[in-house]
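Data block for target.txt (compact mmCIF, C-alpha atoms):
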# COMPACT_ATOMS: atom_id res chain seq x y z
CA MET A 104 -12.46 53.85 31.24
CA LEU A 105 -11.54 51.63 28.38
CA THR A 106 -14.74 49.64 28.67
CA ARG A 107 -16.74 52.79 28.53
CA ASP A 108 -14.95 53.82 25.35
CA LEU A 109 -15.71 50.49 23.79
CA MET A 110 -19.33 50.73 24.81
CA ARG A 111 -19.54 54.14 23.32
CA SER A 112 -18.09 52.97 20.05
CA SER A 113 -20.60 50.15 19.84
CA LEU A 114 -23.37 52.64 20.57
CA ARG A 115 -22.14 54.79 17.77
CA ASN A 116 -22.36 51.83 15.45
CA PRO A 117 -25.62 50.14 16.39
CA PHE A 118 -25.12 47.32 13.85
CA ARG A 119 -21.94 46.20 15.43
CA SER A 120 -23.52 44.46 18.37
CA TRP A 121 -25.53 41.94 16.35
CA TRP A 122 -24.46 42.25 12.75
CA ASP A 123 -20.94 40.99 12.82
CA PRO A 124 -20.58 38.21 10.27
CA PHE A 125 -16.80 38.17 10.33
CA GLY A 126 -16.66 37.96 14.07
CA GLN A 127 -19.22 35.18 14.00
CA MET A 128 -17.27 33.31 11.39
CA GLN A 129 -14.14 33.61 13.41
CA ARG A 130 -15.90 32.42 16.54
CA PHE A 131 -17.35 29.49 14.63
CA GLY A 132 -13.87 28.60 13.41
CA GLU A 133 -12.58 28.67 16.95
CA ASP A 134 -15.42 26.49 18.18
CA PHE A 135 -14.82 24.10 15.33
CA ASP A 136 -11.14 23.85 16.16
CA ARG A 137 -11.94 23.31 19.78
CA ALA A 138 -14.42 20.55 18.96
CA PHE A 139 -11.75 18.64 17.10
CA ASP A 140 -8.89 19.50 19.38
CA GLY A 141 -6.96 16.47 20.46
CA VAL A 142 -8.34 14.36 17.65
CA GLN A 143 -5.68 12.96 15.42
CA ARG A 144 -6.16 14.40 11.98
CA PRO A 145 -3.79 12.80 9.53
CA VAL A 146 -3.01 15.18 6.74
CA ALA A 147 -1.00 14.21 3.72
CA SER A 148 -0.88 15.92 0.40
CA GLU A 149 1.31 13.35 -1.24
CA TYR A 150 0.86 9.68 -1.90
CA PRO A 151 1.54 7.51 -0.02
CA ALA A 152 0.90 8.80 3.46
CA LEU A 153 3.82 7.97 5.74
CA ASN A 154 4.27 7.36 9.43
CA VAL A 155 7.69 7.58 10.98
CA TRP A 156 8.73 5.78 14.15
CA ASP A 157 11.95 6.45 15.94
CA ASN A 158 14.15 5.07 18.65
CA LYS A 159 17.64 6.31 19.34
CA GLU A 160 19.41 4.10 16.81
CA GLU A 161 17.04 3.80 13.91
CA VAL A 162 13.90 4.98 12.24
CA VAL A 163 11.03 2.92 10.84
CA VAL A 164 8.98 4.40 8.03
CA THR A 165 5.62 2.79 7.29
CA ALA A 166 3.25 3.34 4.40
CA GLU A 167 -0.06 1.77 3.46
CA LEU A 168 0.37 0.58 -0.09
CA SER A 169 -2.32 -1.99 -0.65
CA GLY A 170 -2.23 -3.69 -4.00
CA PHE A 171 1.50 -3.19 -4.37
CA GLY A 172 3.84 -6.12 -4.23
CA PRO A 173 7.55 -6.12 -3.44
CA ASP A 174 8.28 -5.74 -7.16
CA ASP A 175 6.07 -2.70 -7.62
CA VAL A 176 7.88 -0.46 -5.16
CA GLU A 177 11.44 0.77 -5.37
CA VAL A 178 13.12 1.98 -2.21
CA SER A 179 16.34 3.93 -2.45
CA VAL A 180 18.47 5.75 0.08
CA VAL A 181 20.99 8.44 -0.74
CA GLN A 182 22.79 9.93 2.25
CA ASN A 183 19.93 11.13 4.39
CA SER A 184 17.04 10.99 1.97
CA LEU A 185 14.71 8.09 1.40
CA THR A 186 12.89 7.82 -1.90
CA LEU A 187 9.91 5.60 -2.63
CA ARG A 188 8.82 5.02 -6.18
CA GLY A 189 6.05 2.85 -7.43
CA SER A 190 3.07 2.42 -9.65
CA ARG A 191 -0.23 0.66 -9.48
CA ALA A 192 -1.98 -0.10 -12.72
CA PRO A 193 -5.69 0.58 -12.99
CA GLU A 194 -8.01 -2.34 -13.46
CA GLU A 195 -8.29 -3.11 -17.15
CA LEU A 196 -11.87 -3.51 -18.13
CA LYS A 197 -12.89 -5.48 -21.15
CA GLN A 198 -15.40 -4.30 -23.61
CA GLY A 199 -18.90 -4.30 -22.19
CA GLU A 200 -17.67 -3.93 -18.61
CA ALA A 201 -18.39 -0.75 -16.70
CA TYR A 202 -17.54 0.90 -13.40
CA HIS A 203 -20.29 1.59 -10.91
CA ARG A 204 -17.92 3.11 -8.43
CA ARG A 205 -14.31 4.03 -8.70
CA GLU A 206 -12.47 5.25 -5.64
CA ARG A 207 -9.16 3.44 -5.62
CA TRP A 208 -5.99 5.22 -6.50
CA SER A 209 -3.93 4.20 -9.48
CA GLY A 210 -0.94 5.71 -11.14
CA ARG A 211 2.69 6.37 -10.36
CA PHE A 212 4.17 8.03 -7.34
CA VAL A 213 7.53 9.31 -6.17
CA ARG A 214 7.97 10.45 -2.65
CA THR A 215 11.12 11.57 -0.92
CA LEU A 216 11.56 11.91 2.78
CA GLU A 217 14.48 13.76 4.26
CA LEU A 218 15.80 12.27 7.46
CA PRO A 219 17.67 14.23 10.09
CA PHE A 220 20.66 11.88 9.94
CA GLU A 221 22.75 9.84 7.55
CA VAL A 222 21.62 6.27 7.03
CA ASP A 223 23.73 3.14 7.25
CA HIS A 224 22.97 1.97 3.69
CA GLY A 225 24.07 -1.58 4.18
CA LYS A 226 21.56 -2.24 6.91
CA VAL A 227 18.40 -0.80 5.41
CA ASP A 228 15.65 -3.36 5.38
CA ALA A 229 12.25 -3.10 3.70
CA GLN A 230 9.34 -5.45 4.18
CA PHE A 231 5.88 -5.76 2.77
CA HIS A 232 3.19 -7.29 4.90
CA ASN A 233 -0.37 -7.39 3.59
CA GLY A 234 0.01 -4.14 1.74
CA VAL A 235 1.82 -2.29 4.52
CA LEU A 236 5.39 -1.37 3.70
CA SER A 237 7.82 -0.85 6.54
CA ILE A 238 11.38 0.27 6.06
CA ARG A 239 13.99 0.10 8.79
CA LEU A 240 16.68 2.75 8.48
CA PRO A 241 19.56 2.50 10.97
CA ARG A 242 21.68 5.56 11.59
CA ALA A 243 25.19 5.55 10.25
CA PRO A 244 27.58 4.69 13.08
CA GLN A 245 29.36 8.03 12.86
CA ASN A 246 26.00 9.71 13.33
CA LEU A 247 24.86 7.90 16.41
CA PRO A 248 24.30 10.12 19.38
CA LYS A 249 27.30 10.05 21.64
CA LYS A 250 27.13 10.36 25.35
CA ILE A 251 29.77 12.61 26.77
CA ALA A 252 30.82 12.05 30.31
CA VAL A 253 31.14 15.14 32.41
CA LYS A 254 34.08 15.05 34.76
CA ALA A 255 34.33 16.92 37.97
CA SER A 256 37.43 19.04 37.97
CA MET B 164 -4.04 20.82 -3.61
CA THR B 165 -7.33 20.29 -1.82
CA THR B 166 -8.52 17.54 -4.12
CA GLN B 167 -5.17 15.85 -3.84
CA THR B 168 -5.43 15.91 -0.07
CA GLN B 169 -8.85 14.36 -0.22
CA GLU B 170 -7.60 11.62 -2.44
CA VAL B 171 -4.88 10.61 -0.06
CA GLN B 172 -6.83 10.91 3.15
CA LYS B 173 -8.63 7.99 4.58
CA GLN B 174 -12.30 8.25 5.21
CA GLU B 175 -13.70 7.21 8.49
CA SER B 176 -16.65 4.90 8.14
CA GLN B 177 -20.13 5.77 9.23
CA PRO B 178 -21.32 3.60 12.09
CA VAL B 179 -23.62 0.88 10.85
CA GLU B 180 -27.11 1.33 12.21
CA THR B 181 -28.13 -0.62 15.28
CA ALA B 182 -24.62 -1.94 15.87
CA GLU B 183 -22.14 -0.44 18.27
CA ARG B 184 -18.48 -1.10 18.33
CA THR B 185 -16.74 -2.73 21.22
CA ARG B 186 -13.20 -2.56 19.92
CA PRO B 187 -11.33 0.59 20.84
CA ARG B 188 -9.98 1.31 17.39
CA ARG B 189 -10.85 3.63 14.62
CA THR B 190 -12.74 2.24 11.69
CA PHE B 191 -12.24 3.32 8.12
CA SER B 192 -14.30 2.93 5.06
CA PRO B 193 -12.10 1.15 2.52
CA ARG B 194 -11.74 2.76 -0.88
CA THR B 195 -13.63 0.54 -3.23
CA ASP B 196 -14.06 -0.02 -6.93
CA VAL B 197 -17.17 -1.75 -8.15
CA PHE B 198 -17.52 -2.86 -11.72
CA GLU B 199 -19.81 -5.05 -13.66
CA THR B 200 -18.82 -7.67 -16.17
CA GLN B 201 -21.01 -9.80 -18.39
CA ASP B 202 -21.65 -12.39 -15.74
CA ALA B 203 -20.61 -10.87 -12.41
CA ILE B 204 -20.23 -7.82 -10.23
CA VAL B 205 -16.70 -7.34 -8.94
CA VAL B 206 -15.91 -5.44 -5.75
CA VAL B 207 -12.29 -4.45 -5.15
CA ALA B 208 -11.47 -2.86 -1.78
CA ASP B 209 -8.21 -1.46 -0.44
CA MET B 210 -7.70 -2.77 3.08
CA PRO B 211 -4.02 -2.50 3.88
CA GLY B 212 -2.96 -4.66 6.81
CA VAL B 213 -5.81 -7.13 6.42
CA GLU B 214 -5.26 -10.82 5.73
CA GLU B 215 -7.65 -13.67 5.09
CA LYS B 216 -7.96 -14.59 8.77
CA SER B 217 -8.84 -11.09 9.90
CA LEU B 218 -11.51 -10.49 7.32
CA ASP B 219 -15.21 -11.15 7.74
CA ILE B 220 -17.60 -11.02 4.85
CA ILE B 221 -21.19 -11.29 5.88
CA LEU B 222 -24.20 -11.51 3.64
CA GLU B 223 -27.41 -10.91 5.49
CA LYS B 224 -30.57 -10.61 3.47
CA ASN B 225 -29.36 -8.33 0.73
CA VAL B 226 -26.71 -6.43 2.69
CA LEU B 227 -23.13 -7.40 2.11
CA THR B 228 -20.82 -6.23 4.90
CA LEU B 229 -17.04 -6.26 4.74
CA ARG B 230 -15.19 -6.09 8.04
CA GLY B 231 -11.44 -6.24 8.30
CA LYS B 232 -9.13 -6.02 11.25
CA ALA B 233 -5.82 -4.48 10.35
CA GLY B 234 -3.03 -6.50 11.82
CA PHE B 235 -0.48 -3.74 11.86
CA GLU B 236 1.34 -3.49 15.16
CA ALA B 237 3.33 -0.48 16.15
CA PRO B 238 7.03 -1.35 16.25
CA LYS B 239 8.04 -2.03 19.83
CA ASN B 240 10.22 0.43 21.71
CA TYR B 241 9.74 3.05 19.04
CA SER B 242 7.84 6.26 19.32
CA LEU B 243 5.77 7.78 16.57
CA VAL B 244 7.49 10.98 15.55
CA TYR B 245 5.75 11.88 12.31
CA ASN B 246 2.23 10.93 11.48
CA GLU B 247 0.25 11.27 8.28
CA TYR B 248 -2.17 8.41 8.50
CA ALA B 249 -3.96 6.56 11.26
CA ASP B 250 -4.38 2.82 11.20
CA GLY B 251 -7.49 1.01 12.18
CA ASP B 252 -10.10 -1.46 11.11
CA TYR B 253 -12.28 -1.39 8.03
CA GLU B 254 -15.98 -1.64 7.61
CA ARG B 255 -18.31 -1.05 4.72
CA SER B 256 -21.68 -2.33 3.61
CA PHE B 257 -23.27 -2.65 0.21
CA VAL B 258 -26.82 -3.41 -0.76
CA LEU B 259 -26.95 -6.13 -3.39
CA SER B 260 -29.52 -6.47 -6.05
CA ASP B 261 -31.54 -9.66 -6.29
CA GLY B 262 -29.63 -10.80 -9.30
CA VAL B 263 -26.63 -12.14 -7.38
CA ASP B 264 -26.01 -15.85 -7.02
CA ARG B 265 -25.34 -16.01 -3.27
CA ASP B 266 -23.79 -19.46 -3.23
CA GLU B 267 -21.10 -18.67 -5.74
CA ILE B 268 -19.56 -15.57 -4.18
CA ASP B 269 -15.80 -15.75 -4.27
CA ALA B 270 -13.37 -13.66 -2.19
CA VAL B 271 -9.60 -13.36 -2.47
CA VAL B 272 -7.22 -11.17 -0.45
CA LYS B 273 -3.81 -10.28 -1.78
CA ASN B 274 -1.41 -7.54 -0.66
CA GLY B 275 -4.14 -5.94 1.40
CA VAL B 276 -6.64 -5.80 -1.44
CA LEU B 277 -9.90 -7.70 -1.23
CA ARG B 278 -11.42 -8.90 -4.46
CA LEU B 279 -14.98 -10.14 -4.33
CA ARG B 280 -16.69 -11.70 -7.27
CA LEU B 281 -20.46 -11.77 -7.10
CA PRO B 282 -21.76 -13.84 -9.98
CA LYS B 283 -25.08 -12.88 -11.48
CA THR B 284 -27.86 -15.40 -11.50
CA LYS B 285 -28.66 -17.00 -14.84
CA GLN B 286 -31.71 -14.82 -15.29
CA ALA B 287 -29.87 -11.61 -14.53
CA ALA B 288 -26.84 -12.24 -16.71
CA ALA B 289 -26.79 -10.12 -19.80
CA ARG B 290 -28.24 -11.85 -22.76
CA LYS B 291 -28.04 -10.76 -26.29
CA ILE B 292 -31.36 -10.66 -28.01
CA PRO B 293 -31.19 -11.13 -31.72
CA VAL B 294 -33.16 -8.63 -33.66
CA LYS B 295 -34.83 -9.92 -36.75
CA ALA B 296 -35.65 -7.85 -39.69
CA GLY B 297 -39.40 -7.73 -40.03
In structure tokens, what does this structure look like?
Amino acid sequence: MLTRDLMRSSLRNPFRSWWDPFGQMQRFGEDFDRAFDGVQRPVASEYPALNVWDNKEEVVVTAELSGFGPDDVEVSVVQNSLTLRGSRAPEELKQGEAYHRRERWSGRFVRTLELPFEVDHGKVDAQFHNGVLSIRLPRAPQNLPKKIAVKAS
Amino acid sequence: MTTQTQEVQKQESQPVETAERTRPRRTFSPRTDVFETQDAIVVVADMPGVEEKSLDIILEKNVLTLRGKAGFEAPKNYSLVYNEYADGDYERSFVLSDGVDRDEIDAVVKNGVLRLRLPKTKQAAARKIPVKAG
């Protein structure tokens, strides 16, 4: 019954069956999404892009910051938020020198990441290795997950 | 917002013709600056995670290829819970002009940034030509 109604409505509007740009667009979008489904698509709107790794006791935050040295990045932790600050100076060209291609990022950045727990400030450890920054953030002891034994009554 | 996103995102490299990869990792095209000085062309490429041992620079005919293996290892016994970038290797090729002195190319890696200096040959270096009043 319902199908017949639908058929009738498409008969009434003969353009509907083949002239349906919005429907086509939507279908294309779905196909597109399907084609890329399961592919990791890193999306970051802020610099630098961060990855966060977790085990039960601590979190490791990594960022690709090539061209920065340990002195160019400031890492600070307040309660449960981690802030990264840094700047990378652009290449200074002398007179008569010219760019053919310029793709590298330069400037200043501030990025704050809110963590779901309080951090043990004294044990935070940040390391730079070939332009990859990794920061180890242990949970504050009072925030560690506690296992509660269930007793049979 | 869109342009900002593009700026931060890494670009995956196009496969180099005739060569297929055998390493099961993603490959990125490093962001690169190229500028020309009086006597050289300087190539600066961002390759975070790459060190001097894991970097190959190959000059074949007039094609300069940079290949870097990122040495970043996922921390053990941790799981990735938030992910904005993917790590992988780097690959990019440039076609050089004839005016480069191939024997004097100099490459330095520091903090994940490769700096290549390609000196110009004597003939190609900029020369100032005095103009006489006639």
**Message:** Could you list, as a list in words, every residue within 8 Å of Leu281 (chain B), counting only C-alpha atoms and ignoring same-chain residues fewer than 5 positions away?
**Reply:** Ala203, Ile204, Val205, Val206, Val263, Asp264, Arg265, Glu267, Ile268 and Asp269 of chain B
Keeping only C-alpha atoms, take the residues you just selected and write them out as a CSV table (one decimal), keeping the file's coordinate frame.
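Written file, again04.csv:
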chain,number,residue,atom,x,y,z
B,203,ALA,CA,-20.6,-10.9,-12.4
B,204,ILE,CA,-20.2,-7.8,-10.2
B,205,VAL,CA,-16.7,-7.3,-8.9
B,206,VAL,CA,-15.9,-5.4,-5.8
B,263,VAL,CA,-26.6,-12.1,-7.4
B,264,ASP,CA,-26.0,-15.8,-7.0
B,265,ARG,CA,-25.3,-16.0,-3.3
B,267,GLU,CA,-21.1,-18.7,-5.7
B,268,ILE,CA,-19.6,-15.6,-4.2
B,269,ASP,CA,-15.8,-15.8,-4.3
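One distance worth recording is that between CA of Arg278 (chain B) and CA of Asp252 (chain B), which is 17.3 Å.
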**Request:** Take the point (5.9, -2.7, 3.5) as written in the file and pick out every residue within 10 Å of it, counting only C-alpha atoms; give the list as an NGL selection string.
**Result:** (:A and (164-169 or 171-173 or 176 or 228-238)) or (:B and (211-212 or 274))
Keeping C-alpha atoms, export the residues of the selection given above as a CSV table (one decimal), keeping the file's coordinate frame.
chain,number,residue,atom,x,y,z
A,164,VAL,CA,9.0,4.4,8.0
A,165,THR,CA,5.6,2.8,7.3
A,166,ALA,CA,3.2,3.3,4.4
A,167,GLU,CA,-0.1,1.8,3.5
A,168,LEU,CA,0.4,0.6,-0.1
A,169,SER,CA,-2.3,-2.0,-0.6
A,171,PHE,CA,1.5,-3.2,-4.4
A,172,GLY,CA,3.8,-6.1,-4.2
A,173,PRO,CA,7.6,-6.1,-3.4
A,176,VAL,CA,7.9,-0.5,-5.2
A,228,ASP,CA,15.6,-3.4,5.4
A,229,ALA,CA,12.2,-3.1,3.7
A,230,GLN,CA,9.3,-5.4,4.2
A,231,PHE,CA,5.9,-5.8,2.8
A,232,HIS,CA,3.2,-7.3,4.9
A,233,ASN,CA,-0.4,-7.4,3.6
A,234,GLY,CA,0.0,-4.1,1.7
A,235,VAL,CA,1.8,-2.3,4.5
A,236,LEU,CA,5.4,-1.4,3.7
A,237,SER,CA,7.8,-0.8,6.5
A,238,ILE,CA,11.4,0.3,6.1
B,211,PRO,CA,-4.0,-2.5,3.9
B,212,GLY,CA,-3.0,-4.7,6.8
B,274,ASN,CA,-1.4,-7.5,-0.7
**Asked** Given the choices A:Val222, A:Leu187, A:Ala152, A:Val253, which gets closest to chain B if the distance is worked out from all atoms listed in the file?
**Response** A:Ala152
**Item:** Expected answer as JSON, numbers by chain: chain B residues within 10 Å of chain A, all atoms listed in the file
**Value:** {"B": [164, 165, 166, 167, 168, 169, 170, 171, 172, 173, 193, 194, 195, 196, 197, 198, 199, 200, 201, 202, 203, 204, 205, 206, 207, 208, 209, 210, 211, 212, 213, 214, 215, 233, 234, 235, 237, 238, 239, 240, 241, 242, 243, 244, 245, 246, 247, 248, 249, 250, 272, 273, 274, 275, 276, 277]}
**Message:** Give me, as a PyMOL selection string, all polymer residues having an atom no more than 7 Å from Ser190 (chain A), counting all atoms listed in the file and skipping those fewer than 4 positions away in the same chain.
**Reply:** chain A and resi 175+210-212
